[in-house]
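> run_1.txt is the file, holding compact mmCIF, C-alpha atoms:
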# COMPACT_ATOMS: atom_id res chain seq x y z
CA GLU E 178 -31.13 27.59 -3.62
CA LEU E 179 -27.89 27.49 -5.60
CA ARG E 180 -26.13 30.54 -6.93
CA LEU E 181 -23.15 30.53 -9.29
CA THR E 182 -20.88 33.53 -9.01
CA GLN E 183 -17.98 34.83 -11.05
CA GLY E 184 -14.78 35.96 -9.43
CA THR E 185 -13.16 39.37 -9.61
CA SER E 186 -10.35 40.47 -11.88
CA ASP E 187 -7.92 40.08 -8.96
CA VAL E 188 -5.00 37.95 -10.19
CA SER E 189 -3.28 37.55 -6.82
CA GLN E 190 -2.76 34.11 -5.32
CA GLY E 191 -5.82 32.97 -3.35
CA ALA E 192 -8.26 35.27 -5.15
CA GLU E 193 -11.67 33.75 -5.87
CA ILE E 194 -12.15 32.80 -9.52
CA GLY E 195 -15.73 31.65 -9.08
CA SER E 196 -17.99 29.92 -6.56
CA LEU E 197 -21.10 27.87 -6.04
CA MET E 198 -23.12 29.33 -3.15
CA PHE E 199 -25.81 27.45 -1.20
CA LEU E 200 -28.50 29.80 0.14
CA ASN E 201 -31.34 29.28 2.59
CA PRO E 202 -34.51 30.04 0.57
CA ALA E 203 -36.31 31.33 3.67
CA ASN E 204 -33.96 34.24 4.36
CA ASP E 205 -31.32 34.17 1.60
CA ASN E 206 -28.58 33.33 4.13
CA LYS E 207 -25.36 32.11 2.55
CA ASN E 208 -24.97 28.82 4.43
CA ALA E 209 -22.26 27.03 2.43
CA LYS E 210 -19.95 27.56 -0.52
CA ILE E 211 -17.56 25.80 -2.88
CA ALA E 212 -15.00 28.22 -4.30
CA ALA E 213 -12.24 28.01 -6.90
CA LEU E 214 -9.19 29.96 -5.69
CA ARG E 215 -6.41 31.18 -7.92
CA THR E 216 -2.93 29.69 -7.47
CA ILE E 217 0.37 30.78 -8.98
CA GLY E 218 -0.06 31.32 -12.71
CA THR E 219 -3.26 31.48 -14.73
CA SER E 220 -4.13 27.82 -15.25
CA GLY E 221 -4.17 26.41 -11.69
CA ALA E 222 -6.76 26.59 -8.92
CA ASP E 223 -7.51 25.21 -5.46
CA LEU E 224 -11.05 24.09 -4.62
CA ALA E 225 -12.16 25.22 -1.14
CA PHE E 226 -15.25 24.03 0.76
CA TYR E 227 -16.96 26.32 3.30
CA THR E 228 -19.75 25.73 5.83
CA ARG E 229 -21.50 28.07 8.28
CA THR E 230 -22.64 27.05 11.75
CA HIS E 231 -26.17 27.88 12.91
CA GLY E 232 -26.43 31.34 14.44
CA ASP E 233 -23.06 32.51 13.17
CA ALA E 234 -23.61 36.05 11.90
CA THR E 235 -19.91 36.85 11.44
CA ASN E 236 -19.25 34.50 8.51
CA ASP E 237 -21.91 35.56 6.02
CA ASP E 238 -20.11 34.56 2.83
CA GLY E 239 -20.71 30.83 3.00
CA GLY E 240 -19.00 30.27 6.33
CA ILE E 241 -15.52 29.10 7.28
CA GLU E 242 -13.25 27.03 5.06
CA ARG E 243 -13.33 23.42 6.29
CA PHE E 244 -11.22 21.59 3.72
CA ARG E 245 -9.41 22.22 0.47
CA ILE E 246 -8.33 20.25 -2.58
CA THR E 247 -5.19 21.93 -3.93
CA SER E 248 -4.18 22.25 -7.56
CA THR E 249 -1.71 19.37 -7.00
CA GLY E 250 -4.40 17.07 -5.56
CA GLN E 251 -3.55 17.45 -1.86
CA ILE E 252 -6.41 17.34 0.64
CA LEU E 253 -6.08 19.86 3.48
CA VAL E 254 -8.43 19.82 6.49
CA GLY E 255 -8.36 22.70 8.98
CA THR E 256 -5.51 24.45 7.14
CA THR E 257 -4.78 26.12 3.83
CA SER E 258 -1.17 24.91 3.59
CA ASP E 259 0.59 21.57 4.06
CA GLY E 260 3.26 23.22 6.24
CA GLY E 261 6.17 21.89 4.17
CA THR E 262 7.71 18.44 4.14
CA TYR E 263 7.43 16.06 7.08
CA ASP E 264 10.62 14.05 7.55
CA GLY E 265 11.38 14.78 3.91
CA VAL E 266 7.96 13.76 2.57
CA THR E 267 5.25 16.03 1.16
CA PRO E 268 1.92 14.64 2.42
CA ALA E 269 -1.10 13.94 0.24
CA PHE E 270 -3.46 14.53 3.19
CA VAL E 271 -3.09 16.98 6.10
CA SER E 272 -5.43 17.47 9.06
CA GLU E 273 -4.47 20.34 11.38
CA ALA E 274 -6.16 21.95 14.38
CA ASN E 275 -5.15 24.49 17.00
CA SER E 276 -7.16 23.04 19.87
CA ALA E 277 -6.73 19.92 21.99
CA TYR E 278 -7.17 16.50 20.34
CA HIS E 279 -8.98 17.80 17.26
CA ALA E 280 -6.41 16.74 14.63
CA TYR E 281 -7.18 13.04 14.83
CA SER E 282 -8.65 10.24 12.77
CA LEU E 283 -11.18 7.69 14.00
CA VAL E 284 -11.93 4.30 12.48
CA VAL E 285 -15.03 2.54 13.83
CA ASN E 286 -16.38 -0.92 12.97
CA SER E 287 -19.77 -1.88 14.36
CA THR E 288 -20.43 -5.60 13.94
CA ASN E 289 -21.02 -8.75 15.94
CA ALA E 290 -18.87 -10.88 13.61
CA GLY E 291 -15.52 -10.31 15.33
CA HIS E 292 -14.23 -7.69 12.91
CA SER E 293 -12.57 -4.38 13.85
CA GLY E 294 -11.22 -1.13 12.48
CA ILE E 295 -8.11 -1.73 10.35
CA LEU E 296 -5.20 0.45 9.26
CA GLN E 297 -3.42 -1.07 6.26
CA PHE E 298 -0.22 -0.11 4.42
CA VAL E 299 0.32 -1.59 0.95
CA ARG E 300 3.52 -1.55 -1.14
CA SER E 301 4.18 -2.66 -4.71
CA ARG E 302 7.31 -2.22 -6.81
CA GLY E 303 5.13 -1.35 -9.78
CA THR E 304 5.07 2.15 -11.28
CA SER E 305 1.48 2.22 -12.56
CA ASP E 306 -1.88 2.45 -10.83
CA GLY E 307 -2.97 -0.97 -9.54
CA ALA E 308 0.36 -2.69 -10.22
CA ASN E 309 1.18 -5.90 -8.31
CA THR E 310 4.93 -6.04 -8.98
CA ILE E 311 6.51 -8.24 -6.32
CA VAL E 312 8.37 -6.60 -3.43
CA GLN E 313 11.84 -7.71 -2.31
CA ASN E 314 13.59 -8.61 0.94
CA GLY E 315 14.20 -5.46 2.98
CA ASP E 316 11.57 -3.33 1.24
CA ARG E 317 9.69 -1.01 3.57
CA LEU E 318 5.96 -1.68 3.36
CA GLY E 319 4.79 1.06 5.71
CA SER E 320 5.87 3.35 8.54
CA ILE E 321 4.45 5.27 11.49
CA TYR E 322 6.43 8.41 12.39
CA GLY E 323 6.30 10.81 15.33
CA ILE E 324 7.43 14.25 14.11
CA GLY E 325 7.80 17.52 16.03
CA ALA E 326 8.35 21.14 15.03
CA ASP E 327 11.94 22.16 15.87
CA GLY E 328 11.44 25.93 15.64
CA THR E 329 12.34 26.01 11.95
CA ASN E 330 10.20 23.36 10.27
CA ARG E 331 8.38 20.07 10.81
CA ASP E 332 10.99 17.92 9.14
CA SER E 333 12.50 16.04 12.12
CA ALA E 334 11.32 12.63 13.35
CA ALA E 335 11.61 11.67 17.03
CA ALA E 336 10.64 8.02 16.59
CA ALA E 337 9.36 5.58 13.99
CA ILE E 338 7.98 2.09 13.51
CA ASP E 339 8.85 0.45 10.17
CA PHE E 340 7.26 -2.63 8.61
CA ARG E 341 9.61 -4.43 6.19
CA VAL E 342 9.82 -7.58 4.10
CA ASP E 343 12.01 -10.13 5.92
CA GLY E 344 12.93 -12.83 3.45
CA LEU E 345 11.87 -14.38 0.18
CA VAL E 346 8.41 -13.38 -1.01
CA GLY E 347 6.13 -15.95 -2.61
CA ILE E 348 2.53 -16.14 -3.79
CA ASN E 349 0.33 -15.53 -0.70
CA SER E 350 3.46 -15.53 1.48
CA MET E 351 4.87 -12.25 2.80
CA PRO E 352 7.52 -12.75 5.55
CA GLY E 353 7.92 -9.58 7.56
CA ARG E 354 9.63 -7.83 10.44
CA ILE E 355 8.91 -4.79 12.61
CA GLU E 356 11.65 -2.26 13.42
CA PHE E 357 11.34 0.24 16.28
CA ARG E 358 13.47 3.39 15.97
CA THR E 359 14.22 6.41 18.18
CA THR E 360 16.31 9.54 17.60
CA ALA E 361 19.15 10.23 20.04
CA THR E 362 20.01 13.73 21.27
CA GLY E 363 21.81 15.59 18.50
CA ALA E 364 20.99 12.97 15.87
CA VAL E 365 19.14 13.78 12.65
CA VAL E 366 17.25 10.54 11.94
CA PRO E 367 15.88 7.72 14.12
CA SER E 368 18.09 4.66 14.66
CA GLU E 369 16.89 1.09 15.06
CA ARG E 370 16.66 -0.01 18.70
CA LEU E 371 14.48 -3.13 18.60
CA ARG E 372 13.48 -5.63 15.90
CA ILE E 373 10.93 -8.43 15.81
CA THR E 374 11.96 -10.83 13.05
CA LYS E 375 9.78 -12.99 10.83
CA GLY E 376 10.39 -15.92 13.22
CA GLY E 377 9.37 -13.96 16.31
CA GLN E 378 12.90 -13.38 17.64
CA VAL E 379 13.26 -10.10 19.54
CA ASN E 380 16.61 -8.34 19.11
CA ILE E 381 17.45 -5.25 21.16
CA GLY E 382 20.42 -2.91 20.87
CA GLY E 383 22.08 -4.46 17.81
CA ASN E 384 22.75 -7.77 16.02
CA TYR E 385 19.28 -7.46 14.58
CA THR E 386 19.64 -10.35 12.15
CA GLN E 387 20.31 -13.09 14.73
CA THR E 388 17.72 -15.89 14.73
CA THR E 389 19.14 -18.46 17.19
CA ALA E 390 17.78 -16.95 20.44
CA PRO E 391 14.17 -15.89 21.15
CA LEU E 392 15.52 -12.76 22.89
CA ALA E 393 18.94 -11.16 22.30
CA VAL E 394 20.27 -7.97 23.89
CA THR E 395 23.44 -6.39 22.50
CA THR E 396 25.33 -3.84 24.61
CA ASN E 397 28.70 -2.15 24.78
CA ALA E 398 31.42 -3.52 27.06
CA ASN E 399 30.80 -3.18 30.80
CA ALA E 400 27.12 -2.33 30.24
CA PHE E 401 23.97 -3.86 31.62
CA GLY E 402 21.87 -5.78 29.10
CA TYR E 403 19.10 -6.58 31.59
CA ARG E 404 18.01 -4.99 34.85
CA LEU E 405 15.04 -5.96 37.02
CA LEU E 406 13.96 -3.28 39.50
CA SER E 407 11.88 -3.23 42.67
CA GLY E 408 10.99 0.43 42.93
CA SER E 409 14.35 2.17 42.43
CA ASN E 410 16.43 -0.80 43.66
CA SER E 411 18.00 -3.43 41.41
CA VAL E 412 16.88 -7.02 42.00
CA CYS E 413 18.76 -8.70 39.17
CA ASP E 414 21.36 -7.55 36.62
CA ILE E 415 23.00 -9.16 33.62
CA LEU E 416 26.30 -7.41 32.89
CA ASN E 417 28.06 -7.86 29.54
CA ASN E 418 31.88 -7.94 29.56
CA ASP E 419 32.82 -6.26 32.83
CA ALA E 420 36.22 -4.67 33.58
CA ALA E 421 37.77 -8.14 34.03
CA GLY E 422 36.36 -9.40 30.72
CA ASN E 423 33.62 -11.47 32.39
CA ALA E 424 29.89 -11.71 31.87
CA GLU E 425 27.97 -11.58 35.13
CA ILE E 426 24.55 -12.37 36.51
CA ARG E 427 23.95 -10.51 39.74
CA GLY E 428 21.18 -11.02 42.27
CA TYR E 429 20.68 -8.27 44.85
CA TYR E 430 19.23 -8.04 48.33
CA ASN E 431 19.44 -5.74 51.36
CA ASN E 432 19.53 -2.41 49.47
CA ASN E 433 21.71 -3.46 46.51
CA SER E 434 24.34 -5.58 48.25
CA GLY E 435 24.12 -9.09 46.86
CA CYS E 436 25.48 -12.29 45.46
CA LEU E 437 27.42 -12.83 42.23
CA LEU E 438 25.68 -15.84 40.74
CA TYR E 439 27.78 -16.55 37.66
CA THR E 440 30.72 -15.21 35.72
CA SER E 441 32.29 -16.20 32.43
CA PRO E 442 34.72 -17.73 31.48
CA SER E 443 34.58 -19.66 34.77
CA PRO E 444 31.53 -19.96 37.09
CA ARG E 445 31.80 -18.93 40.73
CA ASP E 446 29.68 -17.83 43.65
CA GLY E 447 30.51 -15.08 46.07
CA LEU E 448 29.40 -11.89 47.75
CA LEU E 449 29.61 -8.66 45.85
CA SER E 450 31.67 -5.97 47.52
Let me see the structure of the file written as structure tokens.


Amino acid sequence: ELRLTQGTSDVSQGAEIGSLMFLNPANDNKNAKIAALRTIGTSGADLAFYTRTHGDATNDDGGIERFRITSTGQILVGTTSDGGTYDGVTPAFVSEANSAYHAYSLVVNSTNAGHSGILQFVRSRGTSDGANTIVQNGDRLGSIYGIGADGTNRDSAAAAIDFRVDGLVGINSMPGRIEFRTTATGAVVPSERLRITKGGQVNIGGNYTQTTAPLAVTTNANAFGYRLLSGSNSVCDILNNDAAGNAEIRGYYNNNSGCLLYTSPSPRDGLLS
């Protein structure tokens, strides 16, 4: 049975303007409800959806709110507010829960044809719905952010993965790169730490545009660019620009004493002190 109700004269924010109630015809229990809730002003409203679990005698007015469509078109699941901006962005969809692993999304594909669940980000430079205006080199096509509450808001990102155009775009040709970013202690935004270019080159620590080496590690002077460990002991180090202005490759044995394999500008062998 359906029952249409009219709201009260209450003009406060969140007051019910009207609702559509779903009742069990056997006992007239109010099992579900869709309600229009007043927002600021007189012309706006949120639309809230309620359901009631079996045997729940405490929520007899259609149940508990499960999701809401706000007056601005946001979709809220498990919450009645978006919680503010997230890394400067107001979300169109929010799922929130106060118990373990409940605020998640699941994509399942059941087939024997080799397909799978897919998460896709799409970017156009157009300004109208459905526009296919071509993107440009450097444009960000999509991002994945890890954001934490800092005691004041939820506007600070700890890490991010960006997907960007990496070159000249052509019909059915979209060169791209992936940038991995982390936020240092005291910093406000994540900084790039690793990039995979359109050609598959991996650049770590800087010089992200180089394309001559498959793997490039940029460090400060007298810093290790590569370290291979066996447990907590170093097995091999590559040191960039040591105190004498040399680059070194070090191989270790016998609890970190070892042999200097190569130095630049001139090669030599010898025991490390």

> Check the smallest atom-to-atom distance from each of E:Gly328, E:Ile311, E:Phe226, E:Val366 to Ile348 in chain E using only C-alpha atoms, then report the winner.

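Among the listed residues, the smallest separation from Ile348 in chain E belongs to E:Ile311.
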
> Do a neighbour search on Leu181 in chain E at 10 Å with all atoms listed in the file, toss out local chain neighbours closer than 6 positions, and write the hits as a list in words.

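Listed by chain and then number, they are Gly195, Ser196, Leu197, Met198, Phe199, Lys210, Ile211 and Ala212 of chain E.
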
> If you measure from CA of Ala209 in chain E to CA of Gly221 in chain E, what distance in Å do you get, rounded to one decimal?

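A separation of 23.0 Å between them.
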
> Counting all atoms listed in the file, what is within 10 Å of range 270-277 of chain E, bar same-chain residues fewer than 5 positions away, as an MDAnalysis selection string?

chainID E and resid 244:246 250:260 282

> Find the distance between CA of Ala336 in chain E and CA of Phe298 in chain E and write it in Å to one decimal.

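Those two atoms sit 18.2 Å apart.
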
> Could you check which of E:Gly323, E:Gly291, E:Gly344, E:Gly353 is closest to Pro367 in chain E, using only C-alpha atoms?

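Closest to Pro367 in chain E, using only C-alpha atoms: E:Gly323.
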
> So, with all atoms listed in the file as the atoms that count, which of E:Asn204, E:Thr386, E:Thr262, E:Thr249 lies closest to Leu224 in chain E?

E:Thr249
